[in-house]
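Participant: Following this line is data.cif, made up of mmCIF, N, CA and C atoms:
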```
data_input
#
loop_
_atom_site.label_atom_id
_atom_site.label_comp_id
_atom_site.auth_asym_id
_atom_site.auth_seq_id
_atom_site.Cartn_x
_atom_site.Cartn_y
_atom_site.Cartn_z
N MET K 1 0.84 -1.17 0.00
CA MET K 1 0.00 0.00 0.00
C MET K 1 0.89 1.24 0.00
N THR K 2 0.55 2.19 -0.84
CA THR K 2 1.27 3.44 -0.91
C THR K 2 0.39 4.53 -0.32
N GLN K 3 1.00 5.39 0.46
CA GLN K 3 0.25 6.49 1.07
C GLN K 3 0.72 7.80 0.49
N LEU K 4 -0.21 8.69 0.29
CA LEU K 4 0.07 10.04 -0.13
C LEU K 4 -0.47 10.94 0.97
N ILE K 5 0.39 11.76 1.53
CA ILE K 5 -0.04 12.68 2.58
C ILE K 5 -0.10 14.07 2.00
N VAL K 6 -1.26 14.69 2.09
CA VAL K 6 -1.48 16.03 1.55
C VAL K 6 -1.80 16.95 2.72
N THR K 7 -1.08 18.04 2.79
CA THR K 7 -1.36 19.04 3.82
C THR K 7 -2.11 20.19 3.17
N VAL K 8 -3.27 20.47 3.72
CA VAL K 8 -4.11 21.54 3.19
C VAL K 8 -4.15 22.66 4.22
N LYS K 9 -3.77 23.84 3.81
CA LYS K 9 -3.71 24.97 4.74
C LYS K 9 -5.03 25.71 4.85
N GLN K 10 -5.86 25.66 3.84
CA GLN K 10 -7.14 26.35 3.87
C GLN K 10 -8.24 25.35 3.55
N ASN K 11 -9.36 25.47 4.24
CA ASN K 11 -10.48 24.55 4.01
C ASN K 11 -10.99 24.63 2.59
N SER K 12 -10.89 25.79 1.95
CA SER K 12 -11.36 25.91 0.57
C SER K 12 -10.54 25.03 -0.37
N ASP K 13 -9.28 24.79 -0.06
CA ASP K 13 -8.44 23.92 -0.88
C ASP K 13 -8.79 22.45 -0.70
N LEU K 14 -9.35 22.11 0.44
CA LEU K 14 -9.68 20.72 0.74
C LEU K 14 -10.68 20.16 -0.25
N GLU K 15 -11.68 20.95 -0.62
CA GLU K 15 -12.70 20.49 -1.57
C GLU K 15 -12.07 20.13 -2.91
N GLU K 16 -11.11 20.91 -3.35
CA GLU K 16 -10.45 20.64 -4.62
C GLU K 16 -9.64 19.35 -4.55
N VAL K 17 -8.95 19.13 -3.44
CA VAL K 17 -8.17 17.91 -3.26
C VAL K 17 -9.09 16.69 -3.26
N ILE K 18 -10.20 16.77 -2.55
CA ILE K 18 -11.16 15.66 -2.49
C ILE K 18 -11.73 15.38 -3.87
N SER K 19 -12.00 16.43 -4.63
CA SER K 19 -12.52 16.27 -5.99
C SER K 19 -11.53 15.50 -6.86
N VAL K 20 -10.26 15.85 -6.78
CA VAL K 20 -9.23 15.16 -7.57
C VAL K 20 -9.12 13.70 -7.16
N LEU K 21 -9.14 13.43 -5.86
CA LEU K 21 -9.05 12.06 -5.38
C LEU K 21 -10.25 11.24 -5.85
N ASN K 22 -11.42 11.82 -5.83
CA ASN K 22 -12.62 11.12 -6.30
C ASN K 22 -12.54 10.81 -7.78
N ARG K 23 -12.03 11.76 -8.58
CA ARG K 23 -11.89 11.53 -10.02
C ARG K 23 -10.91 10.39 -10.30
N LEU K 24 -9.88 10.29 -9.48
CA LEU K 24 -8.90 9.22 -9.65
C LEU K 24 -9.35 7.91 -9.01
N LYS K 25 -10.52 7.94 -8.39
CA LYS K 25 -11.09 6.78 -7.71
C LYS K 25 -10.16 6.26 -6.61
N LEU K 26 -9.60 7.19 -5.87
CA LEU K 26 -8.74 6.85 -4.75
C LEU K 26 -9.50 7.04 -3.45
N SER K 27 -9.27 6.14 -2.53
CA SER K 27 -9.90 6.30 -1.23
C SER K 27 -9.03 7.24 -0.39
N PHE K 28 -9.66 7.89 0.57
CA PHE K 28 -8.91 8.81 1.39
C PHE K 28 -9.51 8.86 2.79
N VAL K 29 -8.66 9.30 3.69
CA VAL K 29 -9.06 9.48 5.07
C VAL K 29 -8.68 10.89 5.46
N LYS K 30 -9.64 11.63 5.96
CA LYS K 30 -9.37 12.99 6.41
C LYS K 30 -8.90 12.92 7.84
N ARG K 31 -7.68 13.41 8.07
CA ARG K 31 -7.12 13.44 9.43
C ARG K 31 -6.80 14.87 9.78
N GLU K 32 -7.07 15.21 10.99
CA GLU K 32 -6.78 16.56 11.43
C GLU K 32 -5.78 16.56 12.56
N ASP K 33 -4.98 15.50 12.65
CA ASP K 33 -3.98 15.50 13.71
C ASP K 33 -2.82 16.39 13.30
N LYS K 34 -2.43 17.20 14.20
CA LYS K 34 -1.35 18.15 13.95
C LYS K 34 -0.23 17.88 14.93
N PRO K 35 0.99 18.16 14.54
CA PRO K 35 2.07 18.00 15.50
C PRO K 35 1.83 18.90 16.69
N VAL K 36 2.20 18.41 17.82
CA VAL K 36 1.98 19.18 19.03
C VAL K 36 3.33 19.50 19.64
N ILE K 37 3.53 20.76 19.94
CA ILE K 37 4.75 21.16 20.61
C ILE K 37 4.45 21.18 22.10
N ALA K 38 5.29 20.54 22.87
CA ALA K 38 5.05 20.45 24.30
C ALA K 38 4.98 21.84 24.91
N THR K 39 4.09 22.00 25.87
CA THR K 39 3.95 23.27 26.54
C THR K 39 4.58 23.21 27.91
N GLN K 40 4.84 24.35 28.47
CA GLN K 40 5.50 24.42 29.77
C GLN K 40 4.68 23.74 30.86
N LYS K 41 3.34 23.73 30.75
CA LYS K 41 2.53 23.10 31.78
C LYS K 41 2.76 21.59 31.85
N ASP K 42 3.29 20.98 30.78
CA ASP K 42 3.59 19.56 30.78
C ASP K 42 4.87 19.25 31.55
N MET K 43 5.65 20.28 31.88
CA MET K 43 6.98 20.07 32.42
C MET K 43 7.12 20.67 33.81
N ASP K 44 8.17 20.27 34.49
CA ASP K 44 8.47 20.93 35.76
C ASP K 44 9.17 22.26 35.45
N THR K 45 9.66 22.94 36.45
CA THR K 45 10.21 24.28 36.23
C THR K 45 11.41 24.30 35.30
N GLU K 46 12.17 23.25 35.26
CA GLU K 46 13.34 23.19 34.38
C GLU K 46 13.00 22.59 33.03
N GLY K 47 11.80 22.03 32.85
CA GLY K 47 11.43 21.40 31.60
C GLY K 47 11.78 19.92 31.55
N TYR K 48 12.44 19.41 32.57
CA TYR K 48 12.87 18.02 32.58
C TYR K 48 11.70 17.10 32.93
N LEU K 49 11.58 16.00 32.20
CA LEU K 49 10.60 14.96 32.50
C LEU K 49 11.32 13.62 32.55
N PRO K 50 11.00 12.78 33.54
CA PRO K 50 11.56 11.43 33.53
C PRO K 50 10.90 10.60 32.42
N ILE K 51 11.59 9.57 31.99
CA ILE K 51 11.13 8.76 30.86
C ILE K 51 9.76 8.13 31.12
N GLU K 52 9.48 7.74 32.34
CA GLU K 52 8.18 7.14 32.66
C GLU K 52 7.04 8.14 32.41
N THR K 53 7.25 9.39 32.78
CA THR K 53 6.24 10.42 32.56
C THR K 53 6.06 10.70 31.08
N ILE K 54 7.16 10.75 30.34
CA ILE K 54 7.09 10.99 28.89
C ILE K 54 6.27 9.89 28.23
N LYS K 55 6.49 8.65 28.61
CA LYS K 55 5.75 7.53 28.01
C LYS K 55 4.27 7.58 28.36
N LYS K 56 3.94 8.05 29.56
CA LYS K 56 2.52 8.17 29.96
C LYS K 56 1.83 9.32 29.23
N LEU K 57 2.53 10.44 29.09
CA LEU K 57 1.94 11.61 28.43
C LEU K 57 1.78 11.42 26.93
N TYR K 58 2.72 10.72 26.31
CA TYR K 58 2.74 10.59 24.85
C TYR K 58 2.84 9.12 24.44
N PRO K 59 1.81 8.30 24.73
CA PRO K 59 1.89 6.88 24.40
C PRO K 59 1.88 6.65 22.88
N ASN K 60 2.71 5.71 22.45
CA ASN K 60 2.80 5.32 21.04
C ASN K 60 3.06 6.50 20.11
N GLU K 61 3.98 7.36 20.51
CA GLU K 61 4.35 8.51 19.69
C GLU K 61 5.87 8.63 19.62
N TRP K 62 6.32 9.33 18.60
CA TRP K 62 7.72 9.70 18.49
C TRP K 62 7.92 10.98 19.29
N VAL K 63 8.97 11.03 20.06
CA VAL K 63 9.22 12.16 20.94
C VAL K 63 10.64 12.68 20.69
N LEU K 64 10.75 13.99 20.51
CA LEU K 64 12.05 14.64 20.38
C LEU K 64 12.38 15.25 21.73
N VAL K 65 13.51 14.83 22.29
CA VAL K 65 13.90 15.24 23.64
C VAL K 65 15.23 15.99 23.57
N ALA K 66 15.26 17.17 24.19
CA ALA K 66 16.49 17.95 24.28
C ALA K 66 17.18 17.67 25.60
N SER K 67 18.47 17.83 25.62
CA SER K 67 19.29 17.61 26.81
C SER K 67 18.94 16.28 27.49
N PRO K 68 19.01 15.19 26.73
CA PRO K 68 18.62 13.90 27.32
C PRO K 68 19.56 13.48 28.44
N GLN K 69 18.99 12.97 29.50
CA GLN K 69 19.77 12.41 30.60
C GLN K 69 19.88 10.91 30.33
N ARG K 70 21.08 10.39 30.45
CA ARG K 70 21.31 8.98 30.13
C ARG K 70 21.93 8.25 31.30
N GLU K 71 21.64 6.98 31.33
CA GLU K 71 22.28 6.06 32.26
C GLU K 71 22.80 4.93 31.38
N CYS K 72 24.09 4.92 31.14
CA CYS K 72 24.70 4.07 30.11
C CYS K 72 24.09 4.44 28.77
N ASN K 73 23.48 3.48 28.06
CA ASN K 73 22.85 3.76 26.77
C ASN K 73 21.36 4.01 26.88
N LYS K 74 20.84 4.04 28.08
CA LYS K 74 19.41 4.15 28.30
C LYS K 74 19.04 5.61 28.62
N ILE K 75 18.01 6.13 27.93
CA ILE K 75 17.53 7.48 28.20
C ILE K 75 16.65 7.42 29.44
N ILE K 76 16.94 8.28 30.42
CA ILE K 76 16.13 8.28 31.65
C ILE K 76 15.29 9.55 31.78
N GLY K 77 15.44 10.50 30.86
CA GLY K 77 14.63 11.70 30.88
C GLY K 77 15.19 12.79 30.01
N GLY K 78 14.47 13.91 29.95
CA GLY K 78 14.90 15.05 29.17
C GLY K 78 13.78 16.05 29.02
N THR K 79 14.00 17.04 28.18
CA THR K 79 13.02 18.09 27.92
C THR K 79 12.32 17.79 26.61
N VAL K 80 11.03 17.53 26.66
CA VAL K 80 10.27 17.20 25.45
C VAL K 80 10.07 18.47 24.63
N LEU K 81 10.48 18.40 23.37
CA LEU K 81 10.32 19.53 22.47
C LEU K 81 9.11 19.36 21.57
N VAL K 82 9.01 18.19 20.94
CA VAL K 82 7.93 17.91 19.99
C VAL K 82 7.58 16.44 20.12
N HIS K 83 6.30 16.12 19.91
CA HIS K 83 5.87 14.73 19.86
C HIS K 83 4.80 14.58 18.80
N HIS K 84 4.79 13.43 18.15
CA HIS K 84 3.78 13.16 17.11
C HIS K 84 3.79 11.67 16.80
N ALA K 85 2.67 11.16 16.32
CA ALA K 85 2.59 9.75 15.95
C ALA K 85 3.42 9.44 14.71
N ASP K 86 3.62 10.41 13.85
CA ASP K 86 4.40 10.24 12.62
C ASP K 86 5.81 10.75 12.85
N LYS K 87 6.79 9.89 12.65
CA LYS K 87 8.19 10.26 12.90
C LYS K 87 8.65 11.41 12.01
N ARG K 88 8.24 11.41 10.76
CA ARG K 88 8.67 12.47 9.84
C ARG K 88 8.12 13.83 10.25
N VAL K 89 6.87 13.85 10.66
CA VAL K 89 6.27 15.11 11.09
C VAL K 89 6.99 15.63 12.32
N MET K 90 7.26 14.72 13.25
CA MET K 90 7.99 15.11 14.47
C MET K 90 9.36 15.69 14.12
N ALA K 91 10.05 15.04 13.20
CA ALA K 91 11.39 15.50 12.82
C ALA K 91 11.34 16.86 12.13
N LEU K 92 10.38 17.06 11.25
CA LEU K 92 10.27 18.35 10.56
C LEU K 92 9.93 19.48 11.52
N GLN K 93 9.07 19.20 12.48
CA GLN K 93 8.72 20.23 13.46
C GLN K 93 9.90 20.56 14.37
N GLY K 94 10.72 19.58 14.65
CA GLY K 94 11.81 19.77 15.59
C GLY K 94 13.11 20.28 15.01
N ARG K 95 13.25 20.27 13.70
CA ARG K 95 14.55 20.60 13.11
C ARG K 95 15.04 22.00 13.44
N ASP K 96 14.15 22.96 13.54
CA ASP K 96 14.59 24.32 13.88
C ASP K 96 14.69 24.53 15.39
N ILE K 97 13.90 23.79 16.14
CA ILE K 97 13.88 23.93 17.60
C ILE K 97 15.16 23.41 18.23
N ILE K 98 15.70 22.31 17.71
CA ILE K 98 16.86 21.69 18.36
C ILE K 98 18.14 22.51 18.25
N LYS K 99 18.14 23.50 17.40
CA LYS K 99 19.32 24.36 17.25
C LYS K 99 19.64 25.10 18.54
N ASN K 100 18.65 25.26 19.40
CA ASN K 100 18.82 26.00 20.66
C ASN K 100 19.34 25.13 21.80
N TYR K 101 19.60 23.86 21.54
CA TYR K 101 20.01 22.93 22.59
C TYR K 101 21.33 22.26 22.22
N PRO K 102 22.17 21.98 23.21
CA PRO K 102 23.47 21.36 22.91
C PRO K 102 23.35 19.91 22.45
N SER K 103 22.29 19.20 22.89
CA SER K 103 22.12 17.82 22.47
C SER K 103 20.63 17.49 22.42
N ALA K 104 20.29 16.53 21.58
CA ALA K 104 18.90 16.10 21.44
C ALA K 104 18.88 14.68 20.91
N THR K 105 17.78 14.00 21.15
CA THR K 105 17.58 12.65 20.62
C THR K 105 16.09 12.43 20.45
N HIS K 106 15.74 11.39 19.74
CA HIS K 106 14.33 11.05 19.59
C HIS K 106 14.15 9.56 19.83
N PHE K 107 12.94 9.20 20.23
CA PHE K 107 12.63 7.79 20.46
C PHE K 107 11.13 7.57 20.37
N TYR K 108 10.75 6.32 20.24
CA TYR K 108 9.34 5.93 20.16
C TYR K 108 8.91 5.43 21.53
N THR K 109 7.78 5.91 22.03
CA THR K 109 7.36 5.57 23.39
C THR K 109 6.59 4.26 23.48
N GLY K 110 6.23 3.69 22.35
CA GLY K 110 5.47 2.44 22.36
C GLY K 110 6.35 1.25 22.04
N GLU K 111 5.69 0.15 21.78
CA GLU K 111 6.37 -1.09 21.40
C GLU K 111 6.61 -1.05 19.89
N MET K 112 7.85 -1.25 19.48
CA MET K 112 8.15 -1.24 18.05
C MET K 112 7.54 -2.49 17.40
N PRO K 113 6.91 -2.32 16.23
CA PRO K 113 6.34 -3.47 15.53
C PRO K 113 7.44 -4.46 15.15
N HIS K 114 7.10 -5.73 15.06
CA HIS K 114 8.09 -6.76 14.75
C HIS K 114 8.72 -6.58 13.38
N TYR K 115 8.02 -5.91 12.46
CA TYR K 115 8.53 -5.73 11.11
C TYR K 115 9.34 -4.44 10.94
N ALA K 116 9.46 -3.64 11.98
CA ALA K 116 10.17 -2.36 11.88
C ALA K 116 11.66 -2.58 11.71
N LYS K 117 12.25 -1.78 10.86
CA LYS K 117 13.70 -1.80 10.66
C LYS K 117 14.34 -0.91 11.71
N ILE K 118 15.34 -1.40 12.35
CA ILE K 118 16.07 -0.60 13.33
C ILE K 118 17.46 -0.37 12.76
N GLN K 119 17.83 0.89 12.62
CA GLN K 119 19.16 1.22 12.12
C GLN K 119 19.94 1.87 13.22
N TYR K 120 21.16 1.45 13.35
CA TYR K 120 22.06 2.03 14.34
C TYR K 120 23.10 2.84 13.60
N THR K 121 23.21 4.10 13.96
CA THR K 121 24.19 4.95 13.28
C THR K 121 25.16 5.51 14.28
#
```
Can the structure in the file be given as structure tokens, please?

Facilitator:
Amino acid sequence: MTQLIVTVKQNSDLEEVISVLNRLKLSFVKREDKPVIATQKDMDTEGYLPIETIKKLYPNEWVLVASPQRECNKIIGGTVLVHHADKRVMALQGRDIIKNYPSATHFYTGEMPHYAKIQYT
């Protein structure tokens, strides 16, 4: 299955996109999920959250964390910058934000599917 993701900025444009999809006899799903940038109310005064809290707040999502605290190779917390179910959306939203931090990392808060490719770089 191939997916095409279309971002529509104005509702008036949405009708035209739907018309084109219908003419091509393509099925579509209208989603209105938007990337969410973490707000200060989600964090303590320093912005730091432990990993358990991050997983509870953002289940089954990709999370971009600044200033990650580590214990060996394990992330134990950090400052959440952006989170989203789609990794690409999360990365695009975070690319300009991470410039303000000395270090950052991202991870998935859910269980990785058995068919997922894991790359180590």

Participant: One decimal, in Å: what's the spacing between CA of His83 (chain K) and CA of Arg70 (chain K)?

Facilitator: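 Between these atoms lies a distance of 19.4 Å.
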
Participant: Write out as a PyMOL selection string all residues of region 76-105 of chain K that backbone DSSP assigns to alpha helix (DSSP H).

Facilitator: chain K and resi 87-94

Participant: Grab the atom N of Ser103 (chain K) to atom C of Ala91 (chain K) distance for me, in Å with one decimal place.

Facilitator: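 Between atom N of Ser103 (chain K) and atom C of Ala91 (chain K) the gap is 15.5 Å.
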
Participant: Report, in Å to a single decimal, how far apart atom N of Lys87 (chain K) and CA of Glu15 (chain K) are.

Facilitator: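 That distance, rounded to one decimal, is 26.4 Å.
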
Participant: Using only N, CA and C atoms, can you tell me which of K:Ala66, K:Met90, K:Val20, K:Ile76 comes closest to Ile51 (chain K)?

Facilitator: K:Ile76

Participant: Would you kindly return, as number ranges by chain, each protein, DNA or RNA residue with an atom no farther than 12 Å from any atom of Lys55 (chain K), considering only C-alpha atoms and excluding same-chain residues fewer than 2 positions away?

Facilitator: K: 49-53, 57-63, 75-78, 80, 83, 107-111

Participant: Check the smallest atom-to-atom distance from each of K:Leu81, K:Arg23, K:Cys72, K:Ser67 to Pro102 (chain K) using only C-alpha atoms, then report the winner.

Facilitator: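 Looking only at the distances to Pro102 (chain K), the closest residue turns out to be K:Ser67.
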
Participant: So which one's closest to Leu64 (chain K), K:Gly47, K:Ile97, K:His106, K:Val89? Using only N, CA and C atoms, please.

Facilitator: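 Among K:Gly47, K:Ile97, K:His106, K:Val89, it is K:His106 that comes nearest to Leu64 (chain K).
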
Participant: Looking at only C-alpha atoms, which of K:His114, K:Val82, K:Ile54, K:Ile18 is the one that sits closest to Arg95 (chain K)?

Facilitator: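 Checking each of K:His114, K:Val82, K:Ile54, K:Ile18 against Arg95 (chain K), counting only C-alpha atoms, the winner is K:Val82.
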
Participant: Could you add the missing atoms to region 57-68 of chain K, up to all heavy atoms, and return them as a JSON list (two decimals), keeping the file's coordinate frame?

Facilitator:
```json
[["chain", "number", "residue", "atom", "x", "y", "z"],
["K", 57, "LEU", "N", 2.53, 10.44, 29.09],
["K", 57, "LEU", "CA", 1.94, 11.61, 28.43],
["K", 57, "LEU", "C", 1.78, 11.42, 26.93],
["K", 57, "LEU", "O", 0.83, 11.93, 26.33],
["K", 57, "LEU", "CB", 2.80, 12.85, 28.68],
["K", 57, "LEU", "CG", 2.76, 13.45, 30.08],
["K", 57, "LEU", "CD1", 3.80, 14.57, 30.21],
["K", 57, "LEU", "CD2", 1.37, 13.99, 30.39],
["K", 58, "TYR", "N", 2.72, 10.72, 26.31],
["K", 58, "TYR", "CA", 2.74, 10.59, 24.85],
["K", 58, "TYR", "C", 2.84, 9.12, 24.44],
["K", 58, "TYR", "O", 3.83, 8.70, 23.85],
["K", 58, "TYR", "CB", 3.90, 11.39, 24.27],
["K", 58, "TYR", "CG", 4.04, 12.77, 24.88],
["K", 58, "TYR", "CD1", 5.13, 13.09, 25.69],
["K", 58, "TYR", "CD2", 3.07, 13.74, 24.67],
["K", 58, "TYR", "CE1", 5.25, 14.34, 26.26],
["K", 58, "TYR", "CE2", 3.19, 14.99, 25.24],
["K", 58, "TYR", "CZ", 4.27, 15.29, 26.04],
["K", 58, "TYR", "OH", 4.39, 16.53, 26.61],
["K", 59, "PRO", "N", 1.81, 8.30, 24.73],
["K", 59, "PRO", "CA", 1.89, 6.88, 24.40],
["K", 59, "PRO", "C", 1.88, 6.65, 22.88],
["K", 59, "PRO", "O", 1.19, 7.33, 22.14],
["K", 59, "PRO", "CB", 0.63, 6.30, 25.04],
["K", 59, "PRO", "CG", -0.32, 7.44, 25.12],
["K", 59, "PRO", "CD", 0.52, 8.66, 25.31],
["K", 60, "ASN", "N", 2.71, 5.71, 22.45],
["K", 60, "ASN", "CA", 2.80, 5.32, 21.04],
["K", 60, "ASN", "C", 3.06, 6.50, 20.11],
["K", 60, "ASN", "O", 2.44, 6.63, 19.07],
["K", 60, "ASN", "CB", 1.54, 4.57, 20.61],
["K", 60, "ASN", "CG", 1.33, 3.32, 21.43],
["K", 60, "ASN", "OD1", 2.26, 2.56, 21.67],
["K", 60, "ASN", "ND2", 0.12, 3.12, 21.89],
["K", 61, "GLU", "N", 3.98, 7.36, 20.51],
["K", 61, "GLU", "CA", 4.35, 8.51, 19.69],
["K", 61, "GLU", "C", 5.87, 8.63, 19.62],
["K", 61, "GLU", "O", 6.59, 8.13, 20.47],
["K", 61, "GLU", "CB", 3.78, 9.81, 20.27],
["K", 61, "GLU", "CG", 2.29, 9.91, 20.17],
["K", 61, "GLU", "CD", 1.78, 11.30, 20.51],
["K", 61, "GLU", "OE1", 2.57, 12.26, 20.47],
["K", 61, "GLU", "OE2", 0.59, 11.41, 20.82],
["K", 62, "TRP", "N", 6.32, 9.33, 18.60],
["K", 62, "TRP", "CA", 7.72, 9.70, 18.49],
["K", 62, "TRP", "C", 7.92, 10.98, 19.29],
["K", 62, "TRP", "O", 7.11, 11.91, 19.19],
["K", 62, "TRP", "CB", 8.12, 9.91, 17.03],
["K", 62, "TRP", "CG", 8.23, 8.62, 16.31],
["K", 62, "TRP", "CD1", 7.27, 8.03, 15.55],
["K", 62, "TRP", "CD2", 9.35, 7.75, 16.30],
["K", 62, "TRP", "NE1", 7.73, 6.83, 15.07],
["K", 62, "TRP", "CE2", 9.00, 6.64, 15.51],
["K", 62, "TRP", "CE3", 10.62, 7.79, 16.89],
["K", 62, "TRP", "CZ2", 9.88, 5.58, 15.29],
["K", 62, "TRP", "CZ3", 11.48, 6.74, 16.66],
["K", 62, "TRP", "CH2", 11.12, 5.66, 15.86],
["K", 63, "VAL", "N", 8.97, 11.03, 20.06],
["K", 63, "VAL", "CA", 9.22, 12.16, 20.94],
["K", 63, "VAL", "C", 10.64, 12.68, 20.69],
["K", 63, "VAL", "O", 11.58, 11.90, 20.64],
["K", 63, "VAL", "CB", 9.08, 11.74, 22.43],
["K", 63, "VAL", "CG1", 9.35, 12.90, 23.34],
["K", 63, "VAL", "CG2", 7.70, 11.18, 22.69],
["K", 64, "LEU", "N", 10.75, 13.99, 20.51],
["K", 64, "LEU", "CA", 12.05, 14.64, 20.38],
["K", 64, "LEU", "C", 12.38, 15.25, 21.73],
["K", 64, "LEU", "O", 11.62, 16.05, 22.26],
["K", 64, "LEU", "CB", 12.01, 15.73, 19.30],
["K", 64, "LEU", "CG", 13.28, 16.53, 19.11],
["K", 64, "LEU", "CD1", 14.43, 15.64, 18.64],
["K", 64, "LEU", "CD2", 13.05, 17.66, 18.13],
["K", 65, "VAL", "N", 13.51, 14.83, 22.29],
["K", 65, "VAL", "CA", 13.90, 15.24, 23.64],
["K", 65, "VAL", "C", 15.23, 15.99, 23.57],
["K", 65, "VAL", "O", 16.19, 15.51, 22.97],
["K", 65, "VAL", "CB", 14.05, 14.01, 24.56],
["K", 65, "VAL", "CG1", 14.52, 14.41, 25.94],
["K", 65, "VAL", "CG2", 12.73, 13.27, 24.65],
["K", 66, "ALA", "N", 15.26, 17.17, 24.19],
["K", 66, "ALA", "CA", 16.49, 17.95, 24.28],
["K", 66, "ALA", "C", 17.18, 17.67, 25.60],
["K", 66, "ALA", "O", 16.53, 17.30, 26.58],
["K", 66, "ALA", "CB", 16.18, 19.44, 24.18],
["K", 67, "SER", "N", 18.47, 17.83, 25.62],
["K", 67, "SER", "CA", 19.29, 17.61, 26.81],
["K", 67, "SER", "C", 18.94, 16.28, 27.49],
["K", 67, "SER", "O", 18.60, 16.25, 28.67],
["K", 67, "SER", "CB", 19.11, 18.77, 27.79],
["K", 67, "SER", "OG", 19.37, 19.99, 27.17],
["K", 68, "PRO", "N", 19.01, 15.19, 26.73],
["K", 68, "PRO", "CA", 18.62, 13.90, 27.32],
["K", 68, "PRO", "C", 19.56, 13.48, 28.44],
["K", 68, "PRO", "O", 20.77, 13.65, 28.34],
["K", 68, "PRO", "CB", 18.70, 12.93, 26.14],
["K", 68, "PRO", "CG", 19.67, 13.55, 25.20],
["K", 68, "PRO", "CD", 19.52, 15.04, 25.38]]
```
